[in-house]
file target-v8.txt (compact mmCIF, C-alpha atoms)
# COMPACT_ATOMS: atom_id res chain seq x y z
CA MET A 1 4.63 -8.36 -6.83
CA LYS A 2 4.47 -12.07 -6.55
CA TRP A 3 6.56 -14.74 -8.13
CA LEU A 4 4.10 -15.07 -11.01
CA ARG A 5 4.75 -14.66 -14.70
CA LYS A 6 2.61 -11.55 -15.12
CA ASP A 7 4.27 -9.85 -12.13
CA LEU A 8 7.79 -10.86 -13.15
CA GLU A 9 7.15 -9.34 -16.56
CA LYS A 10 6.43 -6.08 -14.78
CA TYR A 11 9.43 -6.57 -12.50
CA VAL A 12 12.01 -6.65 -15.28
CA GLN A 13 10.56 -3.41 -16.64
CA ALA A 14 10.54 -1.68 -13.28
CA LYS A 15 13.42 -3.27 -11.42
CA GLU A 16 14.78 -0.02 -10.08
CA TYR A 17 11.51 0.57 -8.22
CA VAL A 18 11.36 -2.82 -6.51
CA ASP A 19 13.98 -2.96 -3.78
CA THR A 20 12.31 -5.04 -1.09
CA VAL A 21 11.62 -8.76 -0.67
CA ILE A 22 9.45 -10.53 1.86
CA ILE A 23 10.08 -14.22 2.49
CA PRO A 24 7.29 -15.93 4.41
CA VAL A 25 8.88 -18.57 6.62
CA GLN A 26 6.48 -21.34 7.37
CA MET A 27 6.59 -24.37 9.62
CA PHE A 28 4.95 -27.65 8.63
CA GLN A 29 4.11 -30.83 10.54
CA VAL A 30 1.57 -33.67 10.60
CA VAL A 31 2.80 -35.70 13.60
CA ASP A 32 1.87 -33.69 16.67
CA GLU A 33 -1.87 -34.15 16.40
CA ASN A 34 -2.73 -31.86 19.30
CA GLN A 35 -1.09 -29.00 17.48
CA LEU A 36 -2.28 -29.79 13.95
CA GLU A 37 -5.13 -27.34 13.98
CA LYS A 38 -3.11 -24.55 15.49
CA ASP A 39 -0.11 -25.07 13.24
CA SER A 40 -2.15 -25.22 10.06
CA PHE A 41 -4.14 -22.21 11.17
CA ASP A 42 -0.89 -20.32 11.73
CA SER A 43 0.16 -21.12 8.22
CA GLU A 44 -3.13 -19.78 6.86
CA VAL A 45 -2.69 -16.60 8.87
CA LEU A 46 0.87 -16.20 7.62
CA ALA A 47 -0.31 -16.55 4.02
CA ILE A 48 -2.99 -13.90 4.58
CA PHE A 49 -0.49 -11.50 6.13
CA ALA A 50 2.01 -12.06 3.35
CA ASN A 51 -0.61 -11.55 0.64
CA GLU A 52 -2.13 -8.47 2.20
CA ILE A 53 1.22 -6.78 2.78
CA GLU A 54 2.13 -7.54 -0.80
CA LYS A 55 -1.15 -6.02 -1.96
CA GLU A 56 -0.55 -2.87 0.04
CA LEU A 57 3.03 -2.35 -1.19
CA SER A 58 3.07 -4.38 -4.39
CA GLY A 59 4.86 -1.74 -6.45
CA ARG A 60 7.97 -1.92 -4.34
CA VAL A 61 7.84 -5.32 -2.69
CA MET A 62 8.37 -8.76 -4.15
CA LEU A 63 6.78 -11.61 -2.23
CA ALA A 64 9.02 -14.68 -2.45
CA PRO A 65 7.63 -18.22 -2.37
CA ALA A 66 7.37 -19.42 1.23
CA TYR A 67 10.39 -21.06 2.81
CA THR A 68 9.04 -24.18 4.49
CA TYR A 69 10.61 -26.42 7.13
CA VAL A 70 9.52 -29.26 9.36
CA LYS A 71 8.60 -28.43 12.93
CA GLY A 72 11.44 -29.12 15.35
CA ALA A 73 14.12 -28.82 12.69
CA ASP A 74 17.51 -27.48 13.74
CA LEU A 75 16.94 -23.78 13.15
CA GLY A 76 20.67 -23.14 12.96
CA ARG A 77 20.79 -25.29 9.87
CA GLU A 78 17.59 -23.79 8.50
CA ALA A 79 19.05 -20.33 9.04
CA GLU A 80 22.03 -21.32 6.93
CA ARG A 81 19.75 -22.41 4.09
CA LEU A 82 17.63 -19.33 4.45
CA ASN A 83 20.77 -17.22 4.26
CA GLU A 84 21.50 -18.86 0.92
CA TRP A 85 18.11 -17.63 -0.31
CA ILE A 86 18.96 -14.20 0.99
CA LYS A 87 22.37 -14.23 -0.69
CA HIS A 88 20.68 -15.26 -3.92
CA LEU A 89 18.13 -12.45 -3.63
CA LYS A 90 20.85 -9.90 -3.03
CA GLN A 91 22.33 -10.67 -6.43
CA GLN A 92 19.47 -8.56 -7.70
CA PRO A 93 19.45 -5.05 -6.42
CA PHE A 94 17.18 -5.91 -3.51
CA LYS A 95 18.16 -3.68 -0.65
CA HIS A 96 15.70 -4.74 2.03
CA ILE A 97 14.93 -8.32 2.86
CA PHE A 98 12.30 -9.22 5.42
CA VAL A 99 11.63 -12.64 6.85
CA LEU A 100 8.03 -12.99 7.98
CA THR A 101 7.12 -15.73 10.43
CA LEU A 102 4.72 -16.71 13.20
CA ASP A 103 7.14 -19.23 14.70
CA MET A 104 8.67 -17.55 17.73
CA GLN A 105 11.63 -19.95 17.71
CA TRP A 106 13.13 -17.78 14.99
CA LYS A 107 13.38 -14.89 17.39
CA LYS A 108 16.33 -16.66 19.06
CA SER A 109 18.07 -17.25 15.72
CA GLU A 110 17.44 -13.71 14.58
CA ALA A 111 21.09 -12.68 14.84
CA SER A 112 22.20 -15.44 12.48
CA LEU A 113 19.88 -14.22 9.69
CA ASP A 114 21.16 -11.76 7.10
CA ALA A 115 17.73 -10.16 6.93
CA ASN A 116 15.21 -8.33 9.09
CA LEU A 117 13.05 -10.74 11.02
CA LEU A 118 9.41 -9.78 11.40
CA TRP A 119 7.89 -12.06 13.97
CA LEU A 120 4.12 -11.79 14.25
CA PRO A 121 2.10 -13.17 17.12
CA GLY A 122 -0.49 -15.64 15.87
CA LEU A 123 -4.22 -15.26 16.28
CA LYS A 124 -6.55 -17.42 18.31
CA PRO A 125 -8.09 -19.99 15.94
CA THR A 126 -11.23 -18.33 14.67
CA ASN A 127 -13.18 -17.75 11.52
CA LEU A 128 -10.80 -15.70 9.41
CA GLN A 129 -13.69 -14.32 7.36
CA SER A 130 -15.44 -12.80 10.38
CA GLN A 131 -15.70 -9.03 10.67
CA GLU A 132 -13.63 -9.02 13.86
CA ALA A 133 -10.80 -11.07 12.37
CA VAL A 134 -10.72 -8.90 9.27
CA GLN A 135 -10.54 -5.75 11.43
CA VAL A 136 -7.74 -7.13 13.60
CA ILE A 137 -5.72 -8.34 10.63
CA ARG A 138 -6.22 -5.11 8.73
CA GLY A 139 -4.99 -3.11 11.72
CA GLN A 140 -1.89 -5.25 12.03
CA ILE A 141 -1.18 -5.05 8.32
CA GLU A 142 -1.24 -1.29 8.49
CA GLN A 143 1.37 -1.36 11.23
CA ILE A 144 3.60 -3.89 9.51
CA SER A 145 3.48 -1.84 6.31
CA GLU A 146 4.45 1.20 8.28
CA LEU A 147 7.37 -0.68 9.82
CA ILE A 148 8.59 -1.83 6.40
CA ARG A 149 8.25 1.71 5.05
CA SER A 150 10.39 3.01 7.88
CA TYR A 151 13.31 1.09 6.35
CA TRP A 152 12.88 2.85 2.98
CA MET B 153 -38.94 6.29 -35.81
CA ALA B 154 -35.75 8.24 -36.18
CA ALA B 155 -36.35 9.75 -32.77
CA GLY B 156 -36.90 6.34 -31.31
CA LEU B 157 -33.53 5.21 -32.61
CA LEU B 158 -31.81 8.33 -31.47
CA ALA B 159 -33.01 8.50 -27.90
CA PRO B 160 -30.98 5.59 -26.52
CA MET B 161 -27.88 6.92 -28.24
CA ILE B 162 -28.27 10.35 -26.74
CA ARG B 163 -28.57 8.87 -23.33
CA PHE B 164 -25.44 6.89 -23.97
CA ALA B 165 -23.62 10.04 -25.02
CA ILE B 166 -24.80 12.17 -22.14
CA ASP B 167 -24.19 10.06 -19.12
CA PRO B 168 -22.31 6.79 -18.98
CA VAL B 169 -23.53 6.35 -15.42
CA LEU B 170 -27.08 5.88 -16.71
CA GLN B 171 -25.80 3.09 -18.84
CA SER B 172 -24.33 1.25 -15.91
CA GLN B 173 -27.54 1.76 -13.95
CA GLU B 174 -29.45 -0.13 -16.58
CA LYS B 175 -27.41 -3.25 -16.08
CA SER B 176 -27.06 -2.82 -12.37
CA GLY B 177 -26.75 -6.58 -12.11
CA ASP B 178 -23.02 -6.06 -12.51
CA LEU B 179 -22.89 -3.50 -9.76
CA VAL B 180 -22.59 -4.53 -6.15
CA ASN B 181 -24.24 -3.00 -3.11
CA VAL B 182 -21.27 -1.90 -1.00
CA ASN B 183 -23.32 -1.32 2.13
CA LEU B 184 -22.92 2.41 2.21
CA SER B 185 -25.87 4.77 2.44
CA VAL B 186 -25.56 7.76 0.15
CA ASP B 187 -26.41 9.99 3.14
CA ASP B 188 -23.19 8.84 4.81
CA ILE B 189 -21.01 9.99 1.95
CA THR B 190 -19.29 13.28 2.78
CA ASP B 191 -16.87 15.51 0.93
CA THR B 192 -13.97 13.70 2.63
CA PRO B 193 -12.90 10.50 0.86
CA GLN B 194 -13.71 7.47 2.99
CA ARG B 195 -12.51 3.92 2.54
CA VAL B 196 -15.15 1.43 1.44
CA ASP B 197 -14.45 -2.31 1.32
CA TRP B 198 -16.56 -5.00 -0.28
CA GLU B 199 -16.25 -8.45 -1.77
CA VAL B 200 -16.91 -9.72 -5.26
CA GLN B 201 -16.91 -13.23 -6.63
CA GLN B 202 -14.37 -13.88 -9.28
CA VAL B 203 -13.82 -16.89 -11.47
CA ASP B 204 -10.34 -16.76 -12.86
CA GLY B 205 -9.34 -19.81 -14.84
CA TRP B 206 -8.42 -22.32 -12.14
CA TYR B 207 -9.66 -20.37 -9.21
CA GLU B 208 -13.03 -19.30 -7.99
CA SER B 209 -12.66 -16.87 -5.18
CA ASN B 210 -13.98 -13.92 -3.27
CA ILE B 211 -11.78 -10.96 -3.84
CA ASN B 212 -11.72 -7.86 -1.72
CA ARG B 213 -12.20 -4.54 -3.34
CA THR B 214 -11.68 -1.09 -1.96
CA ALA B 215 -12.68 2.38 -3.10
CA TRP B 216 -12.22 5.92 -1.85
CA VAL B 217 -15.69 7.46 -1.94
CA TYR B 218 -16.75 11.09 -1.55
CA LYS B 219 -19.04 13.78 -2.96
CA ASP B 220 -17.37 16.42 -5.12
CA GLU B 221 -18.17 20.14 -5.01
CA ASN B 222 -21.24 19.55 -7.21
CA GLY B 223 -22.54 16.87 -4.89
CA GLU B 224 -21.66 14.13 -7.38
CA ILE B 225 -20.48 10.84 -5.95
CA VAL B 226 -16.91 9.89 -6.86
CA ALA B 227 -15.51 6.40 -6.21
CA LEU B 228 -11.80 6.08 -6.91
CA SER B 229 -9.71 2.95 -7.11
CA PRO B 230 -6.94 2.93 -4.49
CA ILE B 231 -4.50 1.17 -6.81
CA CYS B 232 -1.57 3.40 -7.75
CA THR B 233 -1.33 3.64 -11.54
CA HIS B 234 2.47 3.58 -11.29
CA LEU B 235 3.14 0.08 -9.97
CA GLY B 236 0.03 -0.90 -8.08
CA CYS B 237 0.57 -0.01 -4.43
CA PHE B 238 -2.32 1.05 -2.22
CA VAL B 239 -2.82 4.82 -2.10
CA SER B 240 -4.41 6.54 0.87
CA TRP B 241 -6.28 9.80 1.26
CA GLU B 242 -3.92 12.15 3.10
CA GLY B 243 -1.52 9.23 3.41
CA SER B 244 1.31 11.66 4.02
CA GLU B 245 1.30 14.53 6.47
CA ASP B 246 3.38 16.50 3.99
CA TYR B 247 0.65 16.44 1.34
CA PRO B 248 -2.73 17.31 2.84
CA ASN B 249 -5.77 17.09 0.55
CA GLU B 250 -4.12 14.58 -1.75
CA PHE B 251 -3.96 10.85 -2.23
CA TYR B 252 -0.52 9.51 -1.45
CA CYS B 253 1.31 6.34 -2.47
CA PRO B 254 3.84 5.17 0.14
CA CYS B 255 5.96 3.17 -2.29
CA HIS B 256 7.47 5.87 -4.49
CA ASP B 257 5.80 9.08 -3.27
CA GLY B 258 3.20 9.09 -6.04
CA ARG B 259 0.54 11.75 -5.49
CA TYR B 260 -2.95 12.46 -6.80
CA TYR B 261 -5.28 15.42 -6.38
CA LYS B 262 -8.65 14.83 -4.77
CA ASP B 263 -10.30 14.11 -8.13
CA GLY B 264 -7.75 11.37 -8.70
CA THR B 265 -5.64 13.26 -11.23
CA ASN B 266 -1.96 12.42 -10.90
CA VAL B 267 0.25 15.23 -9.66
CA PRO B 268 2.73 15.98 -12.46
CA GLY B 269 6.32 15.29 -11.54
CA THR B 270 5.43 12.31 -9.33
CA PRO B 271 5.83 8.74 -10.67
CA PRO B 272 2.23 7.95 -11.76
CA LEU B 273 1.49 8.84 -15.39
CA ARG B 274 -2.28 8.65 -15.30
CA PRO B 275 -5.13 9.32 -12.85
CA LEU B 276 -6.59 6.79 -10.46
CA ASP B 277 -9.24 4.58 -12.05
CA VAL B 278 -12.88 5.46 -11.37
CA TYR B 279 -15.47 2.88 -10.35
CA GLU B 280 -18.74 2.74 -12.22
CA HIS B 281 -21.41 3.59 -9.73
CA ALA B 282 -25.14 3.75 -9.29
CA VAL B 283 -27.55 4.60 -6.51
CA GLU B 284 -30.55 2.47 -5.71
CA ASN B 285 -32.85 2.96 -2.71
CA GLY B 286 -30.33 5.34 -1.21
CA MET B 287 -27.54 2.77 -1.29
CA LEU B 288 -24.31 2.97 -3.26
CA TYR B 289 -23.57 0.31 -5.87
CA LEU B 290 -20.13 -0.03 -7.41
CA GLY B 291 -18.97 -1.88 -10.51
CA GLU B 292 -15.68 -2.11 -12.36
CA PRO B 293 -12.85 0.42 -12.08
CA LYS B 294 -12.34 2.23 -15.38
CA PRO B 295 -9.06 3.80 -16.47
CA ARG B 296 -8.84 7.46 -17.49
CA GLU B 297 -6.49 9.40 -19.73
CA GLY B 298 -3.22 10.72 -18.32
CA ALA B 299 -2.83 14.28 -17.09
call {"tool": "encode", "arguments": {"input": "target-v8.txt", "output": "structure tokens"}}
result
Amino acid sequence: MKWLRKDLEKYVQAKEYVDTVIIPVQMFQVVDENQLEKDSFDSEVLAIFANEIEKELSGRVMLAPAYTYVKGADLGREAERLNEWIKHLKQQPFKHIFVLTLDMQWKKSEASLDANLLWLPGLKPTNLQSQEAVQVIRGQIEQISELIRSYW
Amino acid sequence: MAAGLLAPMIRFAIDPVLQSQEKSGDLVNVNLSVDDITDTPQRVDWEVQQVDGWYESNINRTAWVYKDENGEIVALSPICTHLGCFVSWEGSEDYPNEFYCPCHDGRYYKDGTNVPGTPPLRPLDVYEHAVENGMLYLGEPKPREGA
């Protein structure tokens, strides 16, 4: 389920079946020009992962809007804000909360998050529509889904 | 003249597949040769163009395709009729020869009929299909009545 009217309609009917949230955590910047392509590509990849995992497990998983922060921000402070999101989510009966990111900096702040961090290695910038990219992404999605299911 | 009127209706009544073959413009070649379809459901992915209000996009579609005991091609939608998760053929080791939904343990027999007592209340949707020059064409998934 996504945070869309038609899905939320379904959610209120079927709340007891939807116990998991995924928050994509996405970095944004326009200053470091050498990294612009890579950073924006990462954000596209993150969106694809988030969407595909949601598609696979949509009956039990709610995909939250992406939490976005500026590159180089104090992650301690960002973690505090993210924890507020998590606290908010837990007011519903969401049992499992996953934070999905490609920014490895979060790995070091993992302990301060009240959620499970899923850090994914990025891909080399490439055509995301190519057969190879689709195969690689599909394979990874299968494994991430399996990991999420192991918490259920 | 009466016969002329009747013939198209009979065809309609006998086999809805023939109907979809006539307007095969709506069906998409999914790049699978009919010879490669076995009695084990295999995953087939393809893309269709969709214009949806504000967005025009390519969306990915998937079907589980196999030949049933009569040699008829069956193409099932992988979308669980409970809450929309992705079901897989033999997705659980505990339930061989069934489709399995990982979200809430929904199960379906090979023909897509929901296993009573599991969360889904109706069978998996069936794709319209046609065969042309030995290739499989798939259309829209159609809902069926509950078991």
call {"tool": "interface_residues", "arguments": {"input": "target-v8.txt", "of": "chain A", "to": "chain B", "cutoff": "10 Å", "atoms": "all atoms listed in the file", "output": "JSON, numbers by chain"}}
result
{"A": [1, 10, 11, 14, 17, 18, 53, 54, 55, 56, 57, 58, 59, 60, 61, 145, 146, 149, 152]}
call {"tool": "write_last_selection", "arguments": {"input": "target-v8.txt", "atoms": "C-alpha atoms", "output": "JSON list (two decimals), in the frame of the given file"}}
result
[["chain", "number", "residue", "atom", "x", "y", "z"],
["A", 1, "MET", "CA", 4.63, -8.36, -6.83],
["A", 10, "LYS", "CA", 6.43, -6.08, -14.78],
["A", 11, "TYR", "CA", 9.43, -6.57, -12.50],
["A", 14, "ALA", "CA", 10.54, -1.68, -13.28],
["A", 17, "TYR", "CA", 11.51, 0.57, -8.22],
["A", 18, "VAL", "CA", 11.36, -2.82, -6.51],
["A", 53, "ILE", "CA", 1.22, -6.78, 2.78],
["A", 54, "GLU", "CA", 2.13, -7.54, -0.80],
["A", 55, "LYS", "CA", -1.15, -6.02, -1.96],
["A", 56, "GLU", "CA", -0.55, -2.87, 0.04],
["A", 57, "LEU", "CA", 3.03, -2.35, -1.19],
["A", 58, "SER", "CA", 3.07, -4.38, -4.39],
["A", 59, "GLY", "CA", 4.86, -1.74, -6.45],
["A", 60, "ARG", "CA", 7.97, -1.92, -4.34],
["A", 61, "VAL", "CA", 7.84, -5.32, -2.69],
["A", 145, "SER", "CA", 3.48, -1.84, 6.31],
["A", 146, "GLU", "CA", 4.45, 1.20, 8.28],
["A", 149, "ARG", "CA", 8.25, 1.71, 5.05],
["A", 152, "TRP", "CA", 12.88, 2.85, 2.98]]
call {"tool": "axis_aligned_box", "arguments": {"input": "target-v8.txt", "around": "segment 268-277 of chain B", "padding_each_side": "4 Å", "output": "lines of an AutoDock Vina configuration file"}}
result
center_x = -1.5
center_y = 10.3
center_z = -12.4
size_x = 23.6
size_y = 19.4
size_z = 14.1
call {"tool": "residues_around", "arguments": {"input": "target-v8.txt", "residues": "segment 212-226 of chain B", "least_positions_apart": "6", "cutoff": "6 Å", "atoms": "only C-alpha atoms", "output": "MDAnalysis selection string"}}
result
chainID B and resid 189:199
call {"tool": "residues_around", "arguments": {"input": "target-v8.txt", "residues": "Leu179 of chain B", "least_positions_apart": "6", "cutoff": "12 Å", "atoms": "all atoms listed in the file", "output": "PDB file with C-alpha atoms, in the frame of the given file"}}
result
ATOM      1  CA  VAL B 169     -23.530   6.350 -15.420  1.00  0.00           C
ATOM      2  CA  GLN B 171     -25.800   3.090 -18.840  1.00  0.00           C
ATOM      3  CA  SER B 172     -24.330   1.250 -15.910  1.00  0.00           C
ATOM      4  CA  GLN B 173     -27.540   1.760 -13.950  1.00  0.00           C
ATOM      5  CA  TRP B 198     -16.560  -5.000  -0.280  1.00  0.00           C
ATOM      6  CA  GLU B 199     -16.250  -8.450  -1.770  1.00  0.00           C
ATOM      7  CA  VAL B 200     -16.910  -9.720  -5.260  1.00  0.00           C
ATOM      8  CA  GLN B 201     -16.910 -13.230  -6.630  1.00  0.00           C
ATOM      9  CA  TYR B 279     -15.470   2.880 -10.350  1.00  0.00           C
ATOM     10  CA  GLU B 280     -18.740   2.740 -12.220  1.00  0.00           C
ATOM     11  CA  HIS B 281     -21.410   3.590  -9.730  1.00  0.00           C
ATOM     12  CA  ALA B 282     -25.140   3.750  -9.290  1.00  0.00           C
ATOM     13  CA  VAL B 283     -27.550   4.600  -6.510  1.00  0.00           C
ATOM     14  CA  GLU B 284     -30.550   2.470  -5.710  1.00  0.00           C
ATOM     15  CA  MET B 287     -27.540   2.770  -1.290  1.00  0.00           C
ATOM     16  CA  LEU B 288     -24.310   2.970  -3.260  1.00  0.00           C
ATOM     17  CA  TYR B 289     -23.570   0.310  -5.870  1.00  0.00           C
ATOM     18  CA  LEU B 290     -20.130  -0.030  -7.410  1.00  0.00           C
ATOM     19  CA  GLY B 291     -18.970  -1.880 -10.510  1.00  0.00           C
ATOM     20  CA  GLU B 292     -15.680  -2.110 -12.360  1.00  0.00           C
ATOM     21  CA  PRO B 293     -12.850   0.420 -12.080  1.00  0.00           C
TER      22      PRO B 293
END
call {"tool": "closest_residue", "arguments": {"input": "target-v8.txt", "among": "A:Asn51, A:Ser150, A:Asn83, A:Gln143", "to": "Ile22 of chain A", "atoms": "only C-alpha atoms"}}
result
A:Asn51
call {"tool": "residues_around", "arguments": {"input": "target-v8.txt", "residues": "segment 87-89 of chain A", "least_positions_apart": "6", "cutoff": "10 Å", "atoms": "only C-alpha atoms", "output": "ChimeraX atom specification"}}
result
/A:20-21,64,81,95-97,114-115
call {"tool": "atom_distance", "arguments": {"input": "target-v8.txt", "atom1": "atom CA of Ile23 of chain A", "atom2": "atom CA of Leu123 of chain A"}}
result
19.9 Å
call {"tool": "residues_around", "arguments": {"input": "target-v8.txt", "residues": "Val99 of chain A", "least_positions_apart": "4", "cutoff": "12 Å", "atoms": "all atoms listed in the file", "output": "ChimeraX atom specification"}}
result
/A:20-26,46,50,63-67,79,82-83,85-86,103,106-107,109-110,113-120,148
call {"tool": "closest_residue", "arguments": {"input": "target-v8.txt", "among": "A:Gln131, A:Met62, A:Tyr151, A:Asp39", "to": "Leu8 of chain A", "atoms": "only C-alpha atoms"}}
result
A:Met62
call {"tool": "atom_distance", "arguments": {"input": "target-v8.txt", "atom1": "atom CA of Pro248 of chain B", "atom2": "atom CA of Pro275 of chain B"}}
result
17.8 Å
call {"tool": "closest_residue", "arguments": {"input": "target-v8.txt", "among": "A:Glu52, A:Thr126, A:Lys38, A:Leu75", "to": "Gly139 of chain A", "atoms": "only C-alpha atoms"}}
result
A:Glu52
call {"tool": "atom_distance", "arguments": {"input": "target-v8.txt", "atom1": "atom CA of Leu102 of chain A", "atom2": "atom CA of Pro121 of chain A"}}
result
5.9 Å
call {"tool": "closest_residue", "arguments": {"input": "target-v8.txt", "among": "A:Gly72, A:Met104, A:Glu142, A:Asp19", "to": "Gly243 of chain B", "atoms": "all atoms listed in the file"}}
result
A:Glu142
